[in-house]
Each structure stands twice: as C-alpha cells, then as structure tokens.
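Visitor: Please see the structure below; I have some questions.
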Amino acid sequence: MSDPRKEHVLVWDIPTRIFHWTIVVLVAVSWFSADNGYLRMHLWSGLTLLALLLFRVLWGLLGSTTSRFTDFLHPPRKVMAYLRGHEKSLYAGHNPAGGWMVAVMIGVLLAQAVTGLFSNDGLHFTGPLALWVSDDVSTRITGLHGTIFNIIVVFIWLHVVAVGFYLLVKNHNLVGAMVTGKKHPHLVPAGLNLSFTRLYIALLLLALTAGIVAWVFFQGVP
Ligand code: HEM
Ligand code: HEM
C-alpha cells in the first residue's frame with residue numbers, strides 16, 4: 001500500500017486556480033490595451049475581470065474550504081504572530097499574512113473594474129455606466145481609475161516578491177500548487193479534512209455574475 005504521507009494533497013479547487021491564472025492574463029491585457037488606446041479590448045478585458053472578481057467574492061462564501069474567506073482571514077493578532085515568526089502552524093491554503101493580501105488585491109481589482117465602468121477617454125469612449133454621472137464626475141473617476149492601477153502594480157510586485165521569497169528562501173513552491181492544486185504532504189497540517197464545492201455550483205455562480213456584468217454592459221448601449 002502507498003504511504004499517504006508521500007502523496008501530494010489537493011488543496012486548491014479548479015475554479016480558484018482558473019480564476020487566478022485568468023486574472024493574471026486579463027490584468028496584463030487591461031494594462032496593455034489602456035496603454036495603447038485599444039479601448040474596445042480594454043472594455044472586454046475589464047468586464048470579464050469584473051465578472052470573475054464578483055464570482056470570486058461569491059466563491060469566497062460558498063466555495064471549497066481553502067477558497068473561503070473564513071479559512072484565510074485571520075484576526076490581526078494571529079497575522080502579527082505569523083509575521084514575527086511566532087506562529088509555526090501549517091496552512092493548506094493562504095497563510096494568515098497572504099490571506100489579507102489576497103483580500104486586499106481582490107478589493108483593489110474590484111475598485112479598478114468598477115471605476116472603469118464610469119470612466120471616459122476624454123474623446124468618444126465611455127464606460128457603460130459613465131452616462132449615469134456628469135462629465136465632471138466621470139473625469140474625476142477616470143483619474144481615480146489611473147491612481148488605483150498604480151496601487152495594483154505595487155501589490156502585484158509585493159505579491160510576486162512574496163511568492164518568490166517562499167520559493168527561494170523557505171523552499172515552498174506555492175506557484176506549483178496554484179497550477180496543479182496540490183501541495184507536498186509535509187507542507188499541510190496533518191489530518192487535513194478539506195471539502196470541495198461541486199463544479200456545477202461554480203458554473204451557476206459564474207453565470208450569475210456574467211449576467212450581472214452583461215446587464216451593466218447593456219446600460220451603455222444606446
Ligand atoms: C497580475 C498579476 C497577479 C494578480 C492580480 C494576482 C492575484 C492573486 C490573487 C487574487 C490570489 C488569491 C487566489 C485566490 O484565493 O483566489 C493569488 C494567489 C497566488 N498567486 Fe497571484 N496574482 C498575480 C500574479 C502572480 C504571478 C505572476 C504568480 C507566480 C509567479 C502568482 C502566484 C500566486 C500564488 C502561488 C498564489 C497562492 C498564494 C498562496 O499559496 O497563498 N501570482 N494571486
Ligand atoms: C470594467 C471595465 C473597464 C472600463 C470600461 C475601463 C475604461 C477605461 C477608460 C475609459 C480609460 C481611459 C483611457 C484613456 O484615457 O485613453 C481607462 C484607463 C485605464 N484603465 Fe481601465 N477600464 C476598465 C477596467 C480596467 C481594469 C480591470 C484595469 C486593470 C486591472 C484597467 C486599467 C487601466 C489603466 C492602466 C488605464 C490607464 C490609466 C492612465 O492612463 O492613467 N481598467 N480605462
């Protein structure tokens with residue numbers, strides 16, 4: 001019989017992994033398209049991101065154990081203890097410091113996508129909800145949209161440096177786990193009991209958030 005302590009353990013469900021690598025691509029596309037004036041492309045990448053982010057919020061409430069906010073948002077005392085190295089527990093999903101970082105990243109990305117809806121390029125292009133506000137407010141929101149993006153870039157750098165630190169200094173390959181979903185048994189708590197939400201629930205939630213975003217899109221169609 002095979003030794004269970006040698007088999008890699010599934011910790012990340014498929015929806016969370018697909019969510020992660022899709023948002024990586026879409027943030028890059030949003031950046032590229034805004035920088036080069038491809039605003040139709042920018043609209044579509046931004047709206048897709050919005051649907052995925054809304055999905056991730058719902059998945060944080062209803063998804064598999066490691067994807068839930070309750071699993072990775074810990075009280076400040078625990079986060080501080082973890083950062084000071086006083087807390088040696090193993091975590092199947094996000095650790096106490098990473099968990100808050102993830103929540104903040106989802107929050108700022110959501111703020112970026114929502115402000116985009118009210119933005120304009122000063123010429124002919126407007127986000128689908130820009131007509132809901134005055135030109136002046138839309139222009140101010142566009143400024144905010146640019147500022148939030150700078151904040152996002154800082155968070156992405158911190159995120160990639162943190163992941164690199166775990167790989168090179170602590171010898172934890174978190175990236176491999178975000179690809180395959182699996183971690184080495186020595187990196188997860190013993191006697192782990194994770195539950196995985198069924199895939200059709202993820203599809204239903206995604207259909208719901210895509211529907212909301214489609215409705216938003218049609219607000220901008222004359
Ligand atoms: C546009 C750039 C990126 C954004 C916006 C981003 C965002 C995120 C988010 C929101 C999560 C949480 C996943 C979830 O629970 O849903 C996450 C986790 C993660 N990301 Fe990224 N990410 C980016 C780039 C990268 C890159 C380039 C790498 C690899 C080098 C990476 C590696 C990881 C890993 C390993 C995790 C899991 C961390 C853990 O185990 O706690 N990310 N990322
Ligand atoms: C939800 C849909 C979105 C819409 C409708 C939208 C719309 C816009 C508009 C109208 C502009 C002004 C373009 C110009 O001045 O030429 C803009 C700029 C920009 N957007 Fe978006 N956006 C959206 C989502 C996003 C997302 C999700 C990101 C990145 C994660 C992003 C990143 C940027 C950047 C980097 C700029 C340039 C800012 C600057 O020049 O200061 N947008 N967007």
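Ordering of the structure tokens sets the chain letters (A, B, ...), residue numbers begin anew at 1 in every chain, and ligands are numbered from 1 in the order given.
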List the spatial neighbours of Phe55 of chain A as a ChimeraX atom specification - criterion: any atom at most 10 Å away, only C-alpha atoms, same-chain residues fewer than 4 positions off excluded.
Guide: /A:15-16,19,49-51,59-60,202-210
Visitor: Residues within 7 Å of ligand 2, counting only C-alpha atoms and all ligand atoms: report them as a short mmCIF file (atom, residue, chain, number, x, y, z; two decimals) with N, CA and C atoms, in the first residue's frame.
Guide:
```cif
data_model
loop_
_atom_site.label_atom_id
_atom_site.label_comp_id
_atom_site.auth_asym_id
_atom_site.auth_seq_id
_atom_site.Cartn_x
_atom_site.Cartn_y
_atom_site.Cartn_z
N VAL A 27 -5.36 41.12 -16.37
CA VAL A 27 -4.76 42.36 -15.85
C VAL A 27 -3.71 42.84 -16.86
N SER A 30 -5.54 44.27 -19.81
CA SER A 30 -6.14 45.57 -19.48
C SER A 30 -5.09 46.66 -19.51
N TRP A 31 -3.95 46.37 -18.97
CA TRP A 31 -2.84 47.32 -18.92
C TRP A 31 -2.38 47.66 -20.35
N ALA A 34 -5.07 49.60 -22.37
CA ALA A 34 -5.23 51.01 -21.96
C ALA A 34 -4.04 51.83 -22.45
N ASP A 35 -2.84 51.26 -22.32
CA ASP A 35 -1.61 51.97 -22.71
C ASP A 35 -1.55 52.25 -24.21
N GLY A 37 -4.33 52.41 -26.26
CA GLY A 37 -5.56 53.02 -26.79
C GLY A 37 -6.51 52.02 -27.43
N LEU A 39 -9.35 50.59 -26.73
CA LEU A 39 -10.33 50.68 -25.65
C LEU A 39 -11.47 49.66 -25.73
N HIS A 42 -9.99 46.88 -24.06
CA HIS A 42 -9.92 47.24 -22.65
C HIS A 42 -11.28 47.01 -21.97
N LEU A 43 -12.32 47.40 -22.67
CA LEU A 43 -13.67 47.22 -22.12
C LEU A 43 -13.93 45.73 -21.86
N TRP A 44 -13.61 44.89 -22.87
CA TRP A 44 -13.92 43.46 -22.73
C TRP A 44 -13.08 42.79 -21.67
N SER A 45 -11.77 43.16 -21.61
CA SER A 45 -10.95 42.53 -20.57
C SER A 45 -11.42 43.00 -19.19
N GLY A 46 -11.78 44.29 -19.09
CA GLY A 46 -12.24 44.83 -17.81
C GLY A 46 -13.54 44.20 -17.36
N LEU A 47 -14.49 44.03 -18.31
CA LEU A 47 -15.79 43.45 -17.93
C LEU A 47 -15.63 41.98 -17.54
N LEU A 49 -12.94 40.66 -16.25
CA LEU A 49 -12.33 40.69 -14.91
C LEU A 49 -13.40 40.94 -13.85
N LEU A 50 -14.28 41.88 -14.14
CA LEU A 50 -15.33 42.22 -13.17
C LEU A 50 -16.19 40.99 -12.85
N LEU A 109 -8.73 45.33 -7.15
CA LEU A 109 -9.06 44.99 -8.54
C LEU A 109 -10.54 45.27 -8.82
N GLN A 112 -10.96 48.87 -9.27
CA GLN A 112 -10.47 49.25 -10.60
C GLN A 112 -11.52 49.00 -11.67
N ALA A 113 -12.11 47.80 -11.61
CA ALA A 113 -13.10 47.46 -12.63
C ALA A 113 -14.34 48.34 -12.49
N VAL A 114 -14.76 48.61 -11.24
CA VAL A 114 -15.98 49.43 -11.05
C VAL A 114 -15.73 50.87 -11.48
N GLY A 116 -13.69 51.80 -13.71
CA GLY A 116 -13.61 51.76 -15.18
C GLY A 116 -14.97 51.95 -15.83
N LEU A 117 -16.01 51.39 -15.16
CA LEU A 117 -17.37 51.48 -15.73
C LEU A 117 -17.82 52.93 -15.90
N PHE A 118 -17.28 53.83 -15.06
CA PHE A 118 -17.70 55.24 -15.08
C PHE A 118 -16.67 56.15 -15.77
N SER A 119 -15.61 55.53 -16.34
CA SER A 119 -14.50 56.33 -16.90
C SER A 119 -14.77 56.76 -18.33
N ASN A 120 -13.96 57.69 -18.81
CA ASN A 120 -14.02 58.09 -20.23
C ASN A 120 -12.62 58.44 -20.70
N ASP A 121 -12.42 58.43 -22.02
CA ASP A 121 -11.07 58.71 -22.53
C ASP A 121 -10.92 60.17 -22.97
N GLY A 122 -11.91 61.00 -22.62
CA GLY A 122 -11.82 62.42 -23.00
C GLY A 122 -12.19 62.65 -24.46
N PHE A 125 -14.85 57.51 -26.15
CA PHE A 125 -15.09 56.25 -25.44
C PHE A 125 -15.50 56.48 -23.99
N THR A 126 -16.60 55.84 -23.60
CA THR A 126 -17.00 55.92 -22.18
C THR A 126 -17.32 54.52 -21.66
N GLY A 127 -17.09 54.33 -20.37
CA GLY A 127 -17.51 53.08 -19.73
C GLY A 127 -19.02 52.98 -19.77
N PRO A 128 -19.59 51.77 -19.64
CA PRO A 128 -21.04 51.59 -19.80
C PRO A 128 -21.90 52.37 -18.81
N THR A 142 -12.15 58.79 -13.72
CA THR A 142 -11.09 58.28 -14.60
C THR A 142 -9.71 58.50 -13.95
N GLY A 143 -9.56 59.67 -13.28
CA GLY A 143 -8.31 59.95 -12.57
C GLY A 143 -8.07 58.91 -11.47
N HIS A 145 -9.29 55.93 -11.43
CA HIS A 145 -9.03 54.66 -12.12
C HIS A 145 -7.52 54.52 -12.38
N GLY A 146 -6.89 55.62 -12.81
CA GLY A 146 -5.43 55.60 -13.05
C GLY A 146 -4.66 55.43 -11.75
N THR A 147 -5.13 56.11 -10.68
CA THR A 147 -4.42 56.04 -9.39
C THR A 147 -4.51 54.63 -8.80
N PHE A 149 -4.82 51.94 -10.33
CA PHE A 149 -3.98 50.99 -11.06
C PHE A 149 -2.54 51.02 -10.53
#
```
Visitor: Taking only C-alpha atoms and all ligand atoms and a cut-off of 8 Å, can you tell me which residues surround ligand 1, written as a short mmCIF file (atom, residue, chain, number, x, y, z; two decimals) with N, CA and C atoms, in the first residue's frame?
Guide:
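And here's part.cif as it stands now:
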```cif
data_model
loop_
_atom_site.label_atom_id
_atom_site.label_comp_id
_atom_site.auth_asym_id
_atom_site.auth_seq_id
_atom_site.Cartn_x
_atom_site.Cartn_y
_atom_site.Cartn_z
N THR A 16 -10.75 28.17 -8.39
CA THR A 16 -9.81 29.18 -7.85
C THR A 16 -8.54 29.23 -8.69
N ARG A 17 -8.08 28.07 -9.16
CA ARG A 17 -6.86 28.07 -9.99
C ARG A 17 -7.11 28.75 -11.32
N PHE A 19 -9.44 30.90 -11.93
CA PHE A 19 -9.63 32.32 -11.61
C PHE A 19 -8.27 33.01 -11.56
N HIS A 20 -7.32 32.43 -10.81
CA HIS A 20 -6.03 33.10 -10.64
C HIS A 20 -5.33 33.35 -11.97
N TRP A 21 -5.13 32.29 -12.76
CA TRP A 21 -4.31 32.47 -13.97
C TRP A 21 -5.06 33.27 -15.03
N ILE A 23 -7.07 35.87 -14.26
CA ILE A 23 -6.95 37.30 -13.91
C ILE A 23 -5.54 37.81 -14.19
N VAL A 24 -4.53 36.94 -14.06
CA VAL A 24 -3.16 37.37 -14.39
C VAL A 24 -3.12 37.84 -15.85
N VAL A 25 -3.70 37.01 -16.74
CA VAL A 25 -3.70 37.36 -18.17
C VAL A 25 -4.53 38.63 -18.40
N LEU A 26 -5.71 38.70 -17.77
CA LEU A 26 -6.60 39.83 -18.05
C LEU A 26 -6.08 41.16 -17.50
N VAL A 27 -5.36 41.12 -16.37
CA VAL A 27 -4.76 42.36 -15.85
C VAL A 27 -3.71 42.84 -16.86
N ALA A 28 -2.93 41.90 -17.40
CA ALA A 28 -1.91 42.27 -18.40
C ALA A 28 -2.60 42.85 -19.65
N ARG A 56 -15.44 35.47 -7.64
CA ARG A 56 -14.51 35.07 -6.56
C ARG A 56 -15.04 35.46 -5.18
N THR A 66 -10.45 25.92 1.21
CA THR A 66 -9.31 26.86 1.12
C THR A 66 -9.65 28.14 0.36
N SER A 67 -10.76 28.14 -0.38
CA SER A 67 -11.13 29.34 -1.14
C SER A 67 -11.99 30.29 -0.31
N GLY A 93 -4.22 26.34 2.67
CA GLY A 93 -4.46 27.40 1.69
C GLY A 93 -3.57 28.61 1.95
N HIS A 94 -4.15 29.81 1.94
CA HIS A 94 -3.36 31.02 2.20
C HIS A 94 -2.97 31.10 3.67
N ASN A 95 -1.74 31.54 3.94
CA ASN A 95 -1.33 31.72 5.34
C ASN A 95 -1.93 33.03 5.85
N GLY A 98 -0.72 36.14 3.89
CA GLY A 98 -1.13 36.06 2.48
C GLY A 98 -2.64 36.24 2.33
N GLY A 99 -3.40 35.77 3.29
CA GLY A 99 -4.86 35.83 3.20
C GLY A 99 -5.36 37.26 3.08
N VAL A 102 -4.47 38.74 -0.25
CA VAL A 102 -5.38 38.28 -1.29
C VAL A 102 -6.69 39.08 -1.25
N ALA A 103 -7.23 39.27 -0.04
CA ALA A 103 -8.49 40.00 0.09
C ALA A 103 -8.32 41.44 -0.40
N MET A 105 -6.09 42.51 -2.56
CA MET A 105 -5.91 42.52 -4.03
C MET A 105 -7.25 42.37 -4.75
N ILE A 106 -8.09 41.48 -4.25
CA ILE A 106 -9.41 41.31 -4.87
C ILE A 106 -10.18 42.64 -4.74
N LEU A 109 -8.73 45.33 -7.15
CA LEU A 109 -9.06 44.99 -8.54
C LEU A 109 -10.54 45.27 -8.82
N ILE A 152 -2.42 48.92 -7.64
CA ILE A 152 -2.45 47.50 -8.03
C ILE A 152 -1.06 47.01 -8.41
N ILE A 156 0.94 43.89 -6.93
CA ILE A 156 1.38 42.75 -7.74
C ILE A 156 2.88 42.49 -7.48
N HIS A 159 3.27 40.87 -4.18
CA HIS A 159 2.75 39.51 -4.29
C HIS A 159 3.78 38.58 -4.93
N VAL A 160 4.34 39.03 -6.05
CA VAL A 160 5.30 38.17 -6.76
C VAL A 160 6.59 38.01 -5.93
N VAL A 163 5.82 35.49 -3.17
CA VAL A 163 5.79 34.12 -3.70
C VAL A 163 7.22 33.65 -3.99
N GLY A 164 8.05 34.55 -4.52
CA GLY A 164 9.46 34.23 -4.80
C GLY A 164 10.22 33.94 -3.51
N ASN A 173 7.02 25.69 -2.76
CA ASN A 173 6.62 26.05 -4.11
C ASN A 173 5.12 26.31 -4.17
N LEU A 174 4.74 27.56 -3.84
CA LEU A 174 3.31 27.91 -3.85
C LEU A 174 2.79 28.01 -5.29
N VAL A 175 3.69 28.36 -6.21
CA VAL A 175 3.27 28.54 -7.61
C VAL A 175 2.81 27.21 -8.20
N GLY A 176 3.62 26.16 -7.97
CA GLY A 176 3.26 24.82 -8.46
C GLY A 176 1.90 24.43 -7.92
N ALA A 177 1.64 24.77 -6.63
CA ALA A 177 0.36 24.40 -6.02
C ALA A 177 -0.79 25.16 -6.70
N MET A 178 -0.54 26.42 -7.09
CA MET A 178 -1.61 27.19 -7.76
C MET A 178 -1.85 26.66 -9.18
#
```
Visitor: When you draw a straight line from atom CA of Ser33 of chain A to atom CA of Met101 of chain A, how long is it in Å?
Guide: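 Separating atom CA of Ser33 of chain A from atom CA of Met101 of chain A is a distance of 26.1 Å.
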Visitor: What does the distance from atom CA of Gly181 of chain A to atom CA of Trp12 of chain A come to in Å, to one decimal?
Guide: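 It comes out at 4.5 Å.
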Visitor: Could you tell me how far atom CA of Val137 of chain A lies from atom CA of Thr115 of chain A, in Å and to one decimal?
Guide: 10.9 Å
Visitor: Once DSSP has gone over the backbone, tell me which residues of chain A are in strand (DSSP E or B), as a compact mmCIF listing (two decimals) with C-alpha atoms, in the first residue's frame.
Guide:
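Ended up saving to out-v1.txt:
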```txt
# COMPACT_ATOMS: atom_id res chain seq x y z
CA VAL A 9 -2.61 16.65 -1.24
CA LEU A 10 -5.20 18.55 -3.28
CA ASN A 120 -14.02 58.09 -20.23
CA THR A 126 -17.00 55.92 -22.18
CA LYS A 182 -1.56 20.06 -4.90
CA LYS A 183 0.92 20.55 -2.07
```
